[in-house]
Structure formats: structure tokens, C-alpha cells
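Colleague: Pasting a structure here, questions to come.
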Amino acid sequence: MATQIFLNLPVNDLNKSIEFFGKLGYTFNPKFTDEKATCMIISDTIYVMLLTRTFFQTFTEKRIIDAHKEVECSICISLESKEAVDEMVAKAEAAGGKIPNPATDYGFMYQHSVADLDGHHWEFMWMDPNGMPEQQ
């Protein structure tokens, strides 16, 4: 069995988060969806569990941060082209996401970021490993 990644994120309004990420083209596994959580499918091996803050809190004794004010992580997802990166960021902005920085183009790598409805930092990127500069 291939290694799978399940990223868990607290959200303020599960239904609004499902609507937001649905507008970006993501789908959800109904077997792992109820009023407390949903399983967003990124790929065959990568999933994001969107959990209500109350449910998320049952997994930790630590305080859950406000991602609008603090950064807990940066989630980076690769896409097939620069155009696909721009399209995804445009969809996210149209769905209510915020664009914290302009796109960055390194030639061999292109990235653009968006904050989702709960302030979580998402990076979408395209990279051509053959175009990477030589290490000195």
C-alpha cells in the first residue's frame, strides 16, 4: 500500500469550507463526511480532513491558533503548468480566498499563494526540475 497523507485542518464553518474548496474543483469522500468533518481528495494518496474547530480540539490539548493572525504551516500543491496555478488562484479568489502576495516566477518554478476562508496558507506551484540552476 502506498503511503498516504492526511492533513487535518480546523475550520470555522464546515459547509462554507466545502463550498469554497468545491469551487476550486476538489471533491469529498462521503464515507468520511458528517457534520463534524469531511475528507477532501487532493490525489490518490493525499487528503485534507477539514474538521470543525470543536471536533479538531478533541485531538489536542493545545490551543488552536487563528490562522488569520498566525501561521501554522504552508500547504503547497503542485500543478501541471503556470496557467493552471493562475487558474487555481483565480478560482480561490473568486470563491472568497485572499491573495497575500503576488505570484513569484523563478523561471524553472512558479508559485502563487492564497489564504482560504479560515486563513490557512495554500501555495500552488509548477516546477520544471530540468530547468533548475546548477548548484555551486
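Letters A, B, ... go to the chains of the C-alpha cells in the order shown; residues in each chain start at 1; ligands are counted from 1 in the same order.
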Neighbouring residues of range 128-132 of chain A were defined as those with any atom within 8 Å, considering only C-alpha atoms; residues of the same chain fewer than 5 positions away were excluded. Please report them as a PyMOL selection string.
Modeller: chain A and resi 107-109
Colleague: Please provide the set of residues having any atom within 12 Å of Gly96 in chain A, restricted to only C-alpha atoms, with same-chain residues fewer than 4 positions apart removed, written as a PyMOL selection string.
Modeller: chain A and resi 16-17+19-21+23-24+89-92+114-119
Colleague: Within 8 Å of range 31-45 of chain A, counting only C-alpha atoms, which residues qualify if same-chain residues fewer than 5 places away don't, as a list in words?
Modeller: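 Close residues of range 31-45 of chain A: Ala2, Thr3, Gln4, Ile5, Leu14, Ile18, Tyr26, Leu50, Leu51, Thr52 and Phe55 of chain A.
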Colleague: How many Å separate CA of Thr54 in chain A from CA of Val11 in chain A?
Modeller: 9.2 Å
Colleague: Mind listing the strand (DSSP E) residues of chain A, per DSSP on the backbone, as a PyMOL selection string?
Modeller: chain A and resi 5-11+27-29+37-41+46-52+74-78+104-105+109-115+121-127
Colleague: Write out as a PDB file with N, CA and C atoms, in the first residue's frame which residues come within 10 Å of Gln111 in chain A when counting only C-alpha atoms, dropping same-chain ones fewer than 5 positions away.
Modeller:
ATOM      1  N   CYS A  76       1.566  23.271   0.195  1.00  0.00           N
ATOM      2  CA  CYS A  76       1.961  23.511  -1.185  1.00  0.00           C
ATOM      3  C   CYS A  76       1.524  22.335  -2.057  1.00  0.00           C
ATOM      4  N   ILE A  77       0.825  22.649  -3.143  1.00  0.00           N
ATOM      5  CA  ILE A  77       0.332  21.627  -4.067  1.00  0.00           C
ATOM      6  C   ILE A  77       0.851  21.953  -5.459  1.00  0.00           C
ATOM      7  N   SER A  78       1.453  20.956  -6.103  1.00  0.00           N
ATOM      8  CA  SER A  78       1.967  21.176  -7.453  1.00  0.00           C
ATOM      9  C   SER A  78       0.850  20.995  -8.478  1.00  0.00           C
ATOM     10  N   LEU A  79       0.944  21.776  -9.540  1.00  0.00           N
ATOM     11  CA  LEU A  79       0.003  21.702 -10.650  1.00  0.00           C
ATOM     12  C   LEU A  79       0.798  21.554 -11.947  1.00  0.00           C
ATOM     13  N   LYS A  82       2.068  26.753 -15.317  1.00  0.00           N
ATOM     14  CA  LYS A  82       1.909  28.091 -14.743  1.00  0.00           C
ATOM     15  C   LYS A  82       0.464  28.554 -14.885  1.00  0.00           C
ATOM     16  N   VAL A  85      -1.707  27.109 -12.259  1.00  0.00           N
ATOM     17  CA  VAL A  85      -1.511  27.809 -10.988  1.00  0.00           C
ATOM     18  C   VAL A  85      -2.367  29.074 -10.966  1.00  0.00           C
ATOM     19  N   ASP A  86      -2.273  29.874 -12.030  1.00  0.00           N
ATOM     20  CA  ASP A  86      -3.050  31.113 -12.090  1.00  0.00           C
ATOM     21  C   ASP A  86      -4.553  30.843 -12.067  1.00  0.00           C
ATOM     22  N   VAL A  89      -5.601  29.912  -8.431  1.00  0.00           N
ATOM     23  CA  VAL A  89      -5.611  31.084  -7.555  1.00  0.00           C
ATOM     24  C   VAL A  89      -6.798  31.990  -7.901  1.00  0.00           C
ATOM     25  N   PRO A 102       1.881  38.648  -4.527  1.00  0.00           N
ATOM     26  CA  PRO A 102       1.829  38.396  -5.968  1.00  0.00           C
ATOM     27  C   PRO A 102       2.552  37.084  -6.293  1.00  0.00           C
ATOM     28  N   ALA A 103       2.303  36.573  -7.483  1.00  0.00           N
ATOM     29  CA  ALA A 103       2.975  35.348  -7.931  1.00  0.00           C
ATOM     30  C   ALA A 103       4.482  35.585  -8.006  1.00  0.00           C
ATOM     31  N   THR A 104       5.241  34.516  -7.832  1.00  0.00           N
ATOM     32  CA  THR A 104       6.697  34.563  -7.944  1.00  0.00           C
ATOM     33  C   THR A 104       7.115  33.618  -9.049  1.00  0.00           C
ATOM     34  N   ASP A 105       7.926  34.113  -9.989  1.00  0.00           N
ATOM     35  CA  ASP A 105       8.392  33.310 -11.122  1.00  0.00           C
ATOM     36  C   ASP A 105       9.909  33.222 -11.082  1.00  0.00           C
ATOM     37  N   TYR A 106      10.421  32.024 -10.829  1.00  0.00           N
ATOM     38  CA  TYR A 106      11.859  31.788 -10.782  1.00  0.00           C
ATOM     39  C   TYR A 106      12.367  31.207 -12.103  1.00  0.00           C
ATOM     40  N   GLU A 123      -0.147  27.222  -1.089  1.00  0.00           N
ATOM     41  CA  GLU A 123       0.711  27.572  -2.221  1.00  0.00           C
ATOM     42  C   GLU A 123       0.369  26.624  -3.361  1.00  0.00           C
ATOM     43  N   PHE A 124       0.217  27.176  -4.542  1.00  0.00           N
ATOM     44  CA  PHE A 124       0.076  26.352  -5.739  1.00  0.00           C
ATOM     45  C   PHE A 124       1.306  26.641  -6.579  1.00  0.00           C
ATOM     46  N   MET A 125       1.937  25.586  -7.070  1.00  0.00           N
ATOM     47  CA  MET A 125       3.188  25.783  -7.780  1.00  0.00           C
ATOM     48  C   MET A 125       3.337  24.846  -8.963  1.00  0.00           C
ATOM     49  N   TRP A 126       4.137  25.300  -9.921  1.00  0.00           N
ATOM     50  CA  TRP A 126       4.557  24.491 -11.063  1.00  0.00           C
ATOM     51  C   TRP A 126       6.071  24.535 -11.069  1.00  0.00           C
ATOM     52  N   MET A 127       6.697  23.401 -11.400  1.00  0.00           N
ATOM     53  CA  MET A 127       8.146  23.359 -11.433  1.00  0.00           C
ATOM     54  C   MET A 127       8.624  22.463 -12.563  1.00  0.00           C
TER      55      MET A 127
END
Colleague: List the neighbours of Leu7 in chain A out to 7 Å using only C-alpha atoms; skip same-chain residues closer than 2 positions along the sequence, and give me the result as a PyMOL selection string.
Modeller: chain A and resi 5+9+47-49
Colleague: Could you check how far CA of Glu134 in chain A sits from CA of Trp122 in chain A, in Å to one decimal?
Modeller: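 Between these atoms lies a distance of 27.9 Å.
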Colleague: Out of A:Pro133, A:Pro30, A:Gly25, A:Pro10, which residue has the shortest atom-to-atom distance to Ala67 in chain A when counting only C-alpha atoms?
Modeller: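 So, comparing all the options, the nearest one is A:Pro10.
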Colleague: From the DSSP assignment of the backbone, select every residue of range 39-89 of chain A that is helix (DSSP H, G or I), and format the answer as a PyMOL selection string.
Modeller: chain A and resi 53-57+82-89
Colleague: In Å, with one decimal, what is the gap from CA of His121 in chain A to CA of Asn12 in chain A?
Modeller: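 Between CA of His121 in chain A and CA of Asn12 in chain A the gap is 15.3 Å.
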Colleague: With distances taken over only C-alpha atoms, which residue among A:Ile46, A:Asn15, A:Tyr110, A:Phe56 lies nearest Ser81 in chain A?
Modeller: A:Tyr110
